[in-house]
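Visitor: First the structure, which I've put down as structure tokens, then a few questions once you've had a look.
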Amino acid sequence: MKAATALSHLDSLESEAVHIFREVAGEFERPVILFSGGKDSIVMLHLALKAFAPAAVPFSLLHVDTGHNFPEVLEYRDRTVAEHGLRLHVASVQDYIDAGKLRERPDGTRNPLQTLPLTEKIQAERFDAVFGGGRRDEEKARAKERVFSLRDEFSAWDPRRQRPELWQLYNGRHAPGEHVRVFPLSNWTELDVWQYIEREGIELPEIYFAHKREVFARSGMWLTAGEWGGPKEGELTETRLVRYRTVGDMSCTGAVDSDATTLEDVITEIAASRLTERGATRADDKVSEAAMEDRKREGYF
């Protein structure tokens, strides 16, 4: 009798994520996948496609567009949606500013402004499960999240209301108006994500690889100049060889100096790094120790 072959760590992570997607399809009526065009949401969509192949993914996508997104990422988003015949919902921060429901912040960043468009879209579309690409290795608040994380009727998160998840038994029970945030990549690390992208041959937006870009320095990061408001007077731009480790609002997402032009180069770089991608390149997470948890309690991703 032939002995069973042990799963590799990537096989195990993939199997767990596929199980979570199928579990949600069985437990909920109106799930949606948050899709920004960033590497984590791209991997999440790839896993969803695998979970239901050869059938279509039974979920639509949702993107909260800050109005300050990287053009390369928006182009990737729209091309992917068209390629797989998916439905994309867009919640626009700019629409809320134009309607007077939100005000532009003095620091110019729109990341914290995403919460209201997100939560109102969830309520308007009656989504009862919302897939997010958050991983526990990113920062402290995300490390506290269960895979199935309950949100109340105001989309608020109370860490004390989380249910135990023993033996991968997920509890999707929720009252009318409540919904569950679902994190299929909870147990992945940034290095796992990159190794999986390489193994599966997944295409990414070019900004994840080293390229020459006009940037300026602010708060220890290299930010891309653009219509969002940078650089300010006294901030000088220069052309540098950089790449991005994470994708978000241009006003608070920094590039890192890098000569990694291939997946193999990036994996080598990540394996040697002592900083998480959010700690290294996200200004909004440096506001305070509890910045992310405070936003998540209000309904943020």
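Labels used: A, B, ... for chains in the order of the structure tokens, numbers from 1 for residues in each chain, and numbers from 1 for ligands as shown.
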For region 131-134 of chain A, work out the shell of residues within 6 Å, counting only C-alpha atoms and skipping chain neighbours fewer than 2 positions away, then give it as a PyMOL selection string.
Guide: chain A and resi 33-34+40-41+181-183
Visitor: Can you list, as a PDB file with C-alpha atoms, in the first residue's frame, every protein, DNA or RNA residue that comes within 9 Å of region 226-242 of chain A when you count only C-alpha atoms, leaving out same-chain residues fewer than 4 positions away?
Guide:
ATOM      1  CA  GLY A  67      -9.928  58.428  -5.556  1.00  0.00           C
ATOM      2  CA  HIS A  68      -6.189  58.310  -4.901  1.00  0.00           C
ATOM      3  CA  GLY A 108      -4.562  64.592   2.671  1.00  0.00           C
ATOM      4  CA  THR A 109      -4.868  60.876   3.391  1.00  0.00           C
ATOM      5  CA  ILE A 207       4.221  48.356  -9.099  1.00  0.00           C
ATOM      6  CA  TYR A 208       5.095  45.316  -6.944  1.00  0.00           C
ATOM      7  CA  PHE A 209       8.375  44.999  -8.843  1.00  0.00           C
ATOM      8  CA  ALA A 210      11.326  47.383  -8.924  1.00  0.00           C
ATOM      9  CA  HIS A 211      10.901  50.246 -11.385  1.00  0.00           C
ATOM     10  CA  LYS A 212      12.090  53.815 -11.698  1.00  0.00           C
ATOM     11  CA  ARG A 213       9.584  56.235 -10.187  1.00  0.00           C
ATOM     12  CA  GLU A 214       9.378  59.899  -9.269  1.00  0.00           C
ATOM     13  CA  VAL A 215       9.023  60.022  -5.479  1.00  0.00           C
ATOM     14  CA  PHE A 216       9.611  62.344  -2.542  1.00  0.00           C
ATOM     15  CA  ALA A 217      10.445  61.677   1.102  1.00  0.00           C
ATOM     16  CA  ARG A 218       7.882  62.099   3.905  1.00  0.00           C
ATOM     17  CA  TRP A 222       9.040  57.384  -0.438  1.00  0.00           C
ATOM     18  CA  MET A 250      -1.285  56.941  -2.614  1.00  0.00           C
ATOM     19  CA  SER A 251      -1.220  59.542   0.154  1.00  0.00           C
ATOM     20  CA  ALA A 255       7.569  52.602  -1.762  1.00  0.00           C
ATOM     21  CA  VAL A 256      10.772  50.893  -0.679  1.00  0.00           C
ATOM     22  CA  ASP A 257      14.171  51.072  -2.356  1.00  0.00           C
ATOM     23  CA  SER A 258      14.598  47.803  -4.189  1.00  0.00           C
ATOM     24  CA  ASP A 259      16.203  46.202  -7.204  1.00  0.00           C
ATOM     25  CA  ALA A 260      13.850  43.162  -7.093  1.00  0.00           C
TER      26      ALA A 260
END
Visitor: Which one of A:Ala91, A:Leu118, A:Ala141, A:Val193 sits closest to Tyr300 (chain A) if you count only C-alpha atoms?
Guide: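 Once distances to Tyr300 (chain A) are computed over only C-alpha atoms, the minimum belongs to A:Leu118.
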Visitor: Which parts of region 78-260 of chain A does DSSP call strand (DSSP E or B) when run on the backbone here, written out as a PyMOL selection string?
Guide: chain A and resi 88-92+129-131+148-151+179-182+211-218+221-224+226+230+237-243+253+255-257
Visitor: Counting only C-alpha atoms, figure out which residue out of A:Asp137, A:Glu104, A:Glu198, A:Asp95 gets nearest to Glu264 (chain A).
Guide: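 When distances to Glu264 (chain A) are compared using only C-alpha atoms, the smallest one comes from A:Glu198.
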Visitor: Tell me which of A:Thr66, A:Val147, A:Val247, A:Ile267 sits closest to Pro112 (chain A), counting only C-alpha atoms.
Guide: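 Looking only at the distances to Pro112 (chain A), the closest residue turns out to be A:Thr66.
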Visitor: When you count only C-alpha atoms, which of these residues is closest to Asp158 (chain A): A:Lys296, A:Ser219, A:Val18, A:Ile202?
Guide: A:Lys296
Visitor: For Gly38 (chain A), list every protein, DNA or RNA residue within 9 Å, evaluated using only C-alpha atoms, and leave out those in the same chain fewer than 4 positions away; present the list as a PyMOL selection string.
Guide: chain A and resi 42-43+73+77+204-205+246-248
Visitor: Keeping N, CA, C and O atoms, export the residues of the selection given above as a CSV table (one decimal), in the first residue's frame.
Guide:
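Here's the written file selection-v5.csv:
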chain,number,residue,atom,x,y,z
A,42,ILE,N,-5.7,39.6,-4.6
A,42,ILE,CA,-5.5,38.9,-5.9
A,42,ILE,C,-5.4,37.4,-5.6
A,42,ILE,O,-6.0,36.5,-6.2
A,43,VAL,N,-4.6,37.1,-4.5
A,43,VAL,CA,-4.5,35.7,-4.1
A,43,VAL,C,-5.8,35.1,-3.6
A,43,VAL,O,-6.2,34.0,-3.9
A,73,VAL,N,-3.0,49.9,-10.7
A,73,VAL,CA,-3.8,48.9,-9.9
A,73,VAL,C,-5.3,49.0,-10.4
A,73,VAL,O,-5.9,47.9,-10.5
A,77,ARG,N,-7.4,45.9,-11.8
A,77,ARG,CA,-8.7,45.5,-11.2
A,77,ARG,C,-9.8,45.3,-12.3
A,77,ARG,O,-10.5,44.3,-12.4
A,204,LEU,N,0.6,40.0,-11.3
A,204,LEU,CA,0.4,41.1,-10.3
A,204,LEU,C,0.6,42.4,-11.1
A,204,LEU,O,1.2,42.5,-12.1
A,205,PRO,N,0.0,43.5,-10.5
A,205,PRO,CA,0.4,44.9,-11.1
A,205,PRO,C,1.9,45.1,-11.0
A,205,PRO,O,2.5,44.7,-10.1
A,246,THR,N,2.9,46.9,-0.4
A,246,THR,CA,1.5,46.8,-0.2
A,246,THR,C,0.9,47.9,-1.1
A,246,THR,O,1.6,48.8,-1.5
A,247,VAL,N,-0.4,47.8,-1.3
A,247,VAL,CA,-1.1,48.8,-2.2
A,247,VAL,C,-2.2,49.4,-1.4
A,247,VAL,O,-3.0,48.7,-0.8
A,248,GLY,N,-2.3,50.7,-1.4
A,248,GLY,CA,-3.4,51.4,-0.8
A,248,GLY,C,-3.5,52.8,-1.3
A,248,GLY,O,-3.1,53.1,-2.5
Visitor: Find the residue from A:Thr5, A:Ser273, A:Thr119, A:Ser15 that sits nearest to Pro184 (chain A); use only C-alpha atoms when measuring.
Guide: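 Residue with the minimum atom-to-atom distance to Pro184 (chain A): A:Ser15.
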Visitor: For Thr268 (chain A), which residue among A:Val81, A:Met292, A:Ala225, A:Leu191 is the nearest when counting only C-alpha atoms?
Guide: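 Using only C-alpha atoms, Thr268 (chain A) sits closest to A:Leu191.
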Visitor: Just to confirm, what's the straight-line distance from CA of Asn69 (chain A) to CA of Ser36 (chain A) in Å (one decimal)?
Guide: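 These atoms are spaced 9.3 Å apart.
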Visitor: Write out as a list in words the residues lying within 9 Å of Tyr170 (chain A), counting only C-alpha atoms and excluding same-chain residues fewer than 3 positions away.
Guide: Ile20, Glu23, Val147, Phe148, Arg163, Pro164, Glu165, Leu166 and Trp167 of chain A
Visitor: Could you give me the residues within region 39-170 of chain A that DSSP places in helix (DSSP H, G or I), as a VMD selection string?
Guide: chain A and resid 39 to 52 71 to 84 93 to 98 111 to 125 140 to 144 159 to 161 166 to 168
